[in-house]
Amino acid sequence: MRFGILTLSDRSARSERPDASGPALAELILSLGWNVAAQQILPDEEDAIRAGLVQWADSGDFDVILTTGGTGFAMRDVTPEATRAVITREAPGLAEAMRAESLKKTPHAMLSRAVVGIRKRTLIVNLPGSPKGAVENLQTILAVLPHAVQLLTDDPDSEKSH
């Protein structure tokens, strides 16, 4: 699978704080034998996030785009809004599963506004901004990602995994 990792952080975009979440996600993906096709850092600007998601999803170069950051209650947390603006279908079961699993670890999981959805043949997954939260949330849905990508790409073998 081909992943894009989009870190959304004003401070990281201004080089005031190193991005820790993007590299943590990349390390996990690579350890599973999958491909990180691109990584980028953008500020918490809805227009920039929408443009980045559209560019990557429409390129056909990514099966899954992971965003990290911007899913909370702060006024600058606009990742869910940007994601909803570009997806054609939501995948609420994935977002619900991540929140449910996170709730076992922290009551702050209730504050997550993360969205998961589909644009063309690309799955877009919003993850928390902390490295620990991002990795744990991704781990929650890892088992179903290969099948999700098979379905999105019309893989004739997609039904064999049931």
# chains A, B, ... in the order shown; residues from 1 in each chain; ligands from 1

call {"tool": "residues_around", "arguments": {"residues": "region 81-84 of chain A", "least_positions_apart": "4", "cutoff": "10 Å", "atoms": "only C-alpha atoms", "output": "ChimeraX atom specification"}}
result
/A:44-54,67,70-71,77,88-90,113-119,124-126

call {"tool": "write_last_selection", "arguments": {"atoms": "C-alpha atoms", "output": "PDB file, in the first residue's frame"}}
result
ATOM      1  CA  ASP A  44      -3.590  24.612  10.228  1.00  0.00           C
ATOM      2  CA  GLU A  45      -5.174  26.446   7.302  1.00  0.00           C
ATOM      3  CA  GLU A  46      -8.351  24.875   5.923  1.00  0.00           C
ATOM      4  CA  ASP A  47      -7.717  25.975   2.327  1.00  0.00           C
ATOM      5  CA  ALA A  48      -4.162  24.602   2.342  1.00  0.00           C
ATOM      6  CA  ILE A  49      -5.288  21.308   3.877  1.00  0.00           C
ATOM      7  CA  ARG A  50      -8.093  20.912   1.325  1.00  0.00           C
ATOM      8  CA  ALA A  51      -5.706  21.663  -1.540  1.00  0.00           C
ATOM      9  CA  GLY A  52      -3.128  19.176  -0.259  1.00  0.00           C
ATOM     10  CA  LEU A  53      -5.693  16.416   0.186  1.00  0.00           C
ATOM     11  CA  VAL A  54      -7.194  17.008  -3.260  1.00  0.00           C
ATOM     12  CA  THR A  67      -3.378  13.327   8.426  1.00  0.00           C
ATOM     13  CA  GLY A  70      -5.917  19.482  13.905  1.00  0.00           C
ATOM     14  CA  THR A  71      -8.703  17.183  15.104  1.00  0.00           C
ATOM     15  CA  ASP A  77      -8.197  22.630  14.519  1.00  0.00           C
ATOM     16  CA  THR A  88     -17.279  12.023  -1.398  1.00  0.00           C
ATOM     17  CA  ARG A  89     -18.141   9.354   1.171  1.00  0.00           C
ATOM     18  CA  GLU A  90     -17.473   9.074   4.892  1.00  0.00           C
ATOM     19  CA  ARG A 113     -13.421  15.128  15.880  1.00  0.00           C
ATOM     20  CA  ALA A 114     -11.448  12.904  13.486  1.00  0.00           C
ATOM     21  CA  VAL A 115     -13.057  11.994  10.180  1.00  0.00           C
ATOM     22  CA  VAL A 116     -12.326   9.112   7.818  1.00  0.00           C
ATOM     23  CA  GLY A 117     -13.560   9.163   4.247  1.00  0.00           C
ATOM     24  CA  ILE A 118     -13.004   8.386   0.595  1.00  0.00           C
ATOM     25  CA  ARG A 119     -12.046  10.592  -2.315  1.00  0.00           C
ATOM     26  CA  ILE A 124      -8.246   9.679   3.987  1.00  0.00           C
ATOM     27  CA  VAL A 125      -7.772   9.102   7.725  1.00  0.00           C
ATOM     28  CA  ASN A 126      -7.555  11.877  10.320  1.00  0.00           C
TER      29      ASN A 126
END

call {"tool": "select_by_dssp", "arguments": {"residues": "region 41-158 of chain A", "states": "helix (DSSP H, G or I)", "output": "PyMOL selection string"}}
result
chain A and resi 46-59+79-86+92-103+107-111+131-152+158

call {"tool": "closest_residue", "arguments": {"among": "A:Gly60, A:Pro156, A:Arg121, A:Ile5", "to": "Leu28 (chain A)", "atoms": "only C-alpha atoms"}}
result
A:Ile5

call {"tool": "residues_around", "arguments": {"residues": "region 130-140 of chain A", "least_positions_apart": "5", "cutoff": "10 Å", "atoms": "only C-alpha atoms", "output": "CSV table (one decimal) with N, CA and C atoms, in the first residue's frame"}}
result
chain,number,residue,atom,x,y,z
A,19,ASP,N,8.4,17.9,13.6
A,19,ASP,CA,7.3,17.0,13.5
A,19,ASP,C,7.7,15.7,14.0
A,20,ALA,N,7.0,15.2,15.1
A,20,ALA,CA,7.3,13.9,15.6
A,20,ALA,C,6.3,12.9,15.2
A,21,SER,N,5.1,13.3,14.9
A,21,SER,CA,4.0,12.4,14.5
A,21,SER,C,4.2,11.8,13.2
A,22,GLY,N,4.5,12.6,12.2
A,22,GLY,CA,4.7,12.1,10.8
A,22,GLY,C,5.8,11.0,10.8
A,23,PRO,N,7.0,11.3,11.3
A,23,PRO,CA,8.0,10.2,11.4
A,23,PRO,C,7.6,9.0,12.1
A,24,ALA,N,6.8,9.1,13.2
A,24,ALA,CA,6.4,8.0,14.0
A,24,ALA,C,5.4,7.1,13.1
A,25,LEU,N,4.5,7.8,12.4
A,25,LEU,CA,3.6,7.0,11.5
A,25,LEU,C,4.4,6.3,10.4
A,26,ALA,N,5.4,7.1,9.8
A,26,ALA,CA,6.2,6.5,8.7
A,26,ALA,C,6.9,5.2,9.2
A,27,GLU,N,7.5,5.3,10.4
A,27,GLU,CA,8.2,4.2,11.0
A,27,GLU,C,7.3,2.9,11.1
A,28,LEU,N,6.1,3.1,11.6
A,28,LEU,CA,5.1,2.0,11.7
A,28,LEU,C,4.8,1.5,10.3
A,29,ILE,N,4.5,2.3,9.4
A,29,ILE,CA,4.1,1.9,8.0
A,29,ILE,C,5.2,1.1,7.4
A,66,LEU,N,-2.9,9.7,5.4
A,66,LEU,CA,-3.0,9.9,6.9
A,66,LEU,C,-2.7,11.4,7.2
A,67,THR,N,-3.7,12.0,7.9
A,67,THR,CA,-3.4,13.3,8.4
A,67,THR,C,-3.1,13.2,9.9
A,68,THR,N,-2.2,14.0,10.4
A,68,THR,CA,-2.0,14.0,11.9
A,68,THR,C,-2.0,15.4,12.4
A,69,GLY,N,-2.9,15.7,13.3
A,69,GLY,CA,-3.1,17.0,13.9
A,69,GLY,C,-4.4,17.7,13.4
A,94,LEU,N,-14.6,3.4,10.8
A,94,LEU,CA,-13.2,3.5,11.1
A,94,LEU,C,-12.9,4.6,12.2
A,95,ALA,N,-13.5,5.8,12.0
A,95,ALA,CA,-13.4,6.8,13.0
A,95,ALA,C,-14.0,6.4,14.4
A,97,ALA,N,-14.3,3.3,15.5
A,97,ALA,CA,-13.4,2.3,16.1
A,97,ALA,C,-12.2,3.0,16.8
A,98,MET,N,-11.6,4.0,16.1
A,98,MET,CA,-10.4,4.6,16.7
A,98,MET,C,-10.8,5.3,18.0
A,99,ARG,N,-12.0,6.0,18.0
A,99,ARG,CA,-12.4,6.7,19.2
A,99,ARG,C,-12.7,5.7,20.3
A,100,ALA,N,-13.4,4.6,20.0
A,100,ALA,CA,-13.7,3.6,21.0
A,100,ALA,C,-12.5,3.0,21.6
A,101,GLU,N,-11.5,2.7,20.8
A,101,GLU,CA,-10.3,2.1,21.4
A,101,GLU,C,-9.5,3.1,22.2
A,102,SER,N,-9.4,4.3,21.7
A,102,SER,CA,-8.7,5.4,22.5
A,102,SER,C,-9.4,5.7,23.8
A,105,LYS,N,-8.1,4.2,26.8
A,105,LYS,CA,-6.9,4.7,27.4
A,105,LYS,C,-7.0,6.1,28.0
A,109,ALA,N,-10.3,11.0,24.5
A,109,ALA,CA,-10.8,10.5,23.2
A,109,ALA,C,-12.1,11.0,22.8
A,125,VAL,N,-7.6,9.4,6.3
A,125,VAL,CA,-7.8,9.1,7.7
A,125,VAL,C,-7.2,10.2,8.6
A,145,LEU,N,-7.2,-2.1,6.8
A,145,LEU,CA,-6.7,-1.2,5.7
A,145,LEU,C,-6.5,-2.0,4.4

call {"tool": "atom_distance", "arguments": {"atom1": "CA of Pro107 (chain A)", "atom2": "CA of Gly129 (chain A)"}}
result
16.2 Å

call {"tool": "residues_around", "arguments": {"residues": "Thr153 (chain A)", "least_positions_apart": "2", "cutoff": "9 Å", "atoms": "only C-alpha atoms", "output": "list in words"}}
result
Asp63, Arg121, Thr122, Ala148, Val149, Gln150, Leu151, Asp155 and Pro156 of chain A

call {"tool": "write_last_selection", "arguments": {"atoms": "C-alpha atoms", "output": "CSV table (one decimal), in the first residue's frame"}}
result
chain,number,residue,atom,x,y,z
A,63,ASP,CA,-4.0,4.4,-1.5
A,121,ARG,CA,-9.9,5.6,-4.8
A,122,THR,CA,-8.0,7.0,-1.8
A,148,ALA,CA,-10.4,-1.4,2.3
A,149,VAL,CA,-7.8,-0.6,-0.3
A,150,GLN,CA,-8.6,-3.7,-2.3
A,151,LEU,CA,-12.3,-2.6,-2.4
A,155,ASP,CA,-9.1,-5.7,-6.8
A,156,PRO,CA,-10.7,-8.9,-8.1

call {"tool": "closest_residue", "arguments": {"among": "A:Ala85, A:Met110, A:Ala38, A:Ala91", "to": "Gly72 (chain A)", "atoms": "only C-alpha atoms"}}
result
A:Met110

call {"tool": "closest_residue", "arguments": {"among": "A:Pro128, A:Leu152, A:Pro18, A:Pro43", "to": "Phe62 (chain A)", "atoms": "only C-alpha atoms"}}
result
A:Leu152

call {"tool": "closest_residue", "arguments": {"among": "A:Trp34, A:Ile41, A:Lys160, A:His108", "to": "Ser12 (chain A)", "atoms": "only C-alpha atoms"}}
result
A:Ile41

call {"tool": "closest_residue", "arguments": {"among": "A:Pro92, A:Pro80, A:Gly4, A:Pro146", "to": "Val36 (chain A)", "atoms": "only C-alpha atoms"}}
result
A:Gly4

call {"tool": "atom_distance", "arguments": {"atom1": "CA of Leu32 (chain A)", "atom2": "CA of Ala143 (chain A)"}}
result
11.3 Å

call {"tool": "closest_residue", "arguments": {"among": "A:Ala37, A:Leu123, A:Arg76, A:Glu159", "to": "Arg11 (chain A)", "atoms": "only C-alpha atoms"}}
result
A:Arg76

call {"tool": "atom_distance", "arguments": {"atom1": "CA of Gln39 (chain A)", "atom2": "CA of Leu6 (chain A)"}}
result
5.8 Å

call {"tool": "decode", "arguments": {"residues": "region 42-110 of chain A", "atoms": "C-alpha atoms", "output": "compact mmCIF listing (two decimals), in the first residue's frame"}}
result
# COMPACT_ATOMS: atom_id res chain seq x y z
CA LEU A 42 1.17 22.17 6.36
CA PRO A 43 -0.12 24.88 8.68
CA ASP A 44 -3.59 24.61 10.23
CA GLU A 45 -5.17 26.45 7.30
CA GLU A 46 -8.35 24.87 5.92
CA ASP A 47 -7.72 25.97 2.33
CA ALA A 48 -4.16 24.60 2.34
CA ILE A 49 -5.29 21.31 3.88
CA ARG A 50 -8.09 20.91 1.33
CA ALA A 51 -5.71 21.66 -1.54
CA GLY A 52 -3.13 19.18 -0.26
CA LEU A 53 -5.69 16.42 0.19
CA VAL A 54 -7.19 17.01 -3.26
CA GLN A 55 -3.80 17.08 -4.95
CA TRP A 56 -2.67 13.84 -3.35
CA ALA A 57 -5.97 11.95 -3.66
CA ASP A 58 -6.54 12.99 -7.26
CA SER A 59 -2.98 12.09 -8.30
CA GLY A 60 -3.65 8.36 -7.99
CA ASP A 61 -0.29 7.98 -6.24
CA PHE A 62 -1.73 7.14 -2.81
CA ASP A 63 -3.98 4.40 -1.48
CA VAL A 64 -4.21 5.97 1.99
CA ILE A 65 -3.59 9.53 3.14
CA LEU A 66 -3.00 9.91 6.86
CA THR A 67 -3.38 13.33 8.43
CA THR A 68 -1.99 13.98 11.88
CA GLY A 69 -3.09 16.99 13.88
CA GLY A 70 -5.92 19.48 13.91
CA THR A 71 -8.70 17.18 15.10
CA GLY A 72 -9.42 18.71 18.51
CA PHE A 73 -11.45 21.61 19.86
CA ALA A 74 -8.95 24.46 19.38
CA MET A 75 -10.10 27.19 17.02
CA ARG A 76 -7.28 26.37 14.57
CA ASP A 77 -8.20 22.63 14.52
CA VAL A 78 -9.84 22.50 11.09
CA THR A 79 -8.68 19.14 9.73
CA PRO A 80 -12.13 17.48 9.95
CA GLU A 81 -13.77 20.39 8.12
CA ALA A 82 -11.13 20.32 5.38
CA THR A 83 -11.48 16.56 5.06
CA ARG A 84 -15.28 16.64 4.85
CA ALA A 85 -15.01 19.29 2.13
CA VAL A 86 -13.00 16.98 -0.15
CA ILE A 87 -14.34 13.47 0.49
CA THR A 88 -17.28 12.02 -1.40
CA ARG A 89 -18.14 9.35 1.17
CA GLU A 90 -17.47 9.07 4.89
CA ALA A 91 -16.23 5.86 6.52
CA PRO A 92 -17.62 6.42 10.02
CA GLY A 93 -16.89 2.90 11.28
CA LEU A 94 -13.16 3.53 11.13
CA ALA A 95 -13.38 6.84 13.02
CA GLU A 96 -15.74 5.27 15.57
CA ALA A 97 -13.39 2.32 16.10
CA MET A 98 -10.44 4.64 16.71
CA ARG A 99 -12.40 6.72 19.22
CA ALA A 100 -13.74 3.62 21.01
CA GLU A 101 -10.29 2.08 21.36
CA SER A 102 -8.74 5.38 22.46
CA LEU A 103 -11.45 5.83 25.07
CA LYS A 104 -10.09 2.73 26.80
CA LYS A 105 -6.86 4.68 27.36
CA THR A 106 -7.99 8.27 27.91
CA PRO A 107 -11.25 10.17 28.40
CA HIS A 108 -9.81 12.80 26.05
CA ALA A 109 -10.75 10.48 23.16
CA MET A 110 -14.24 11.97 23.46
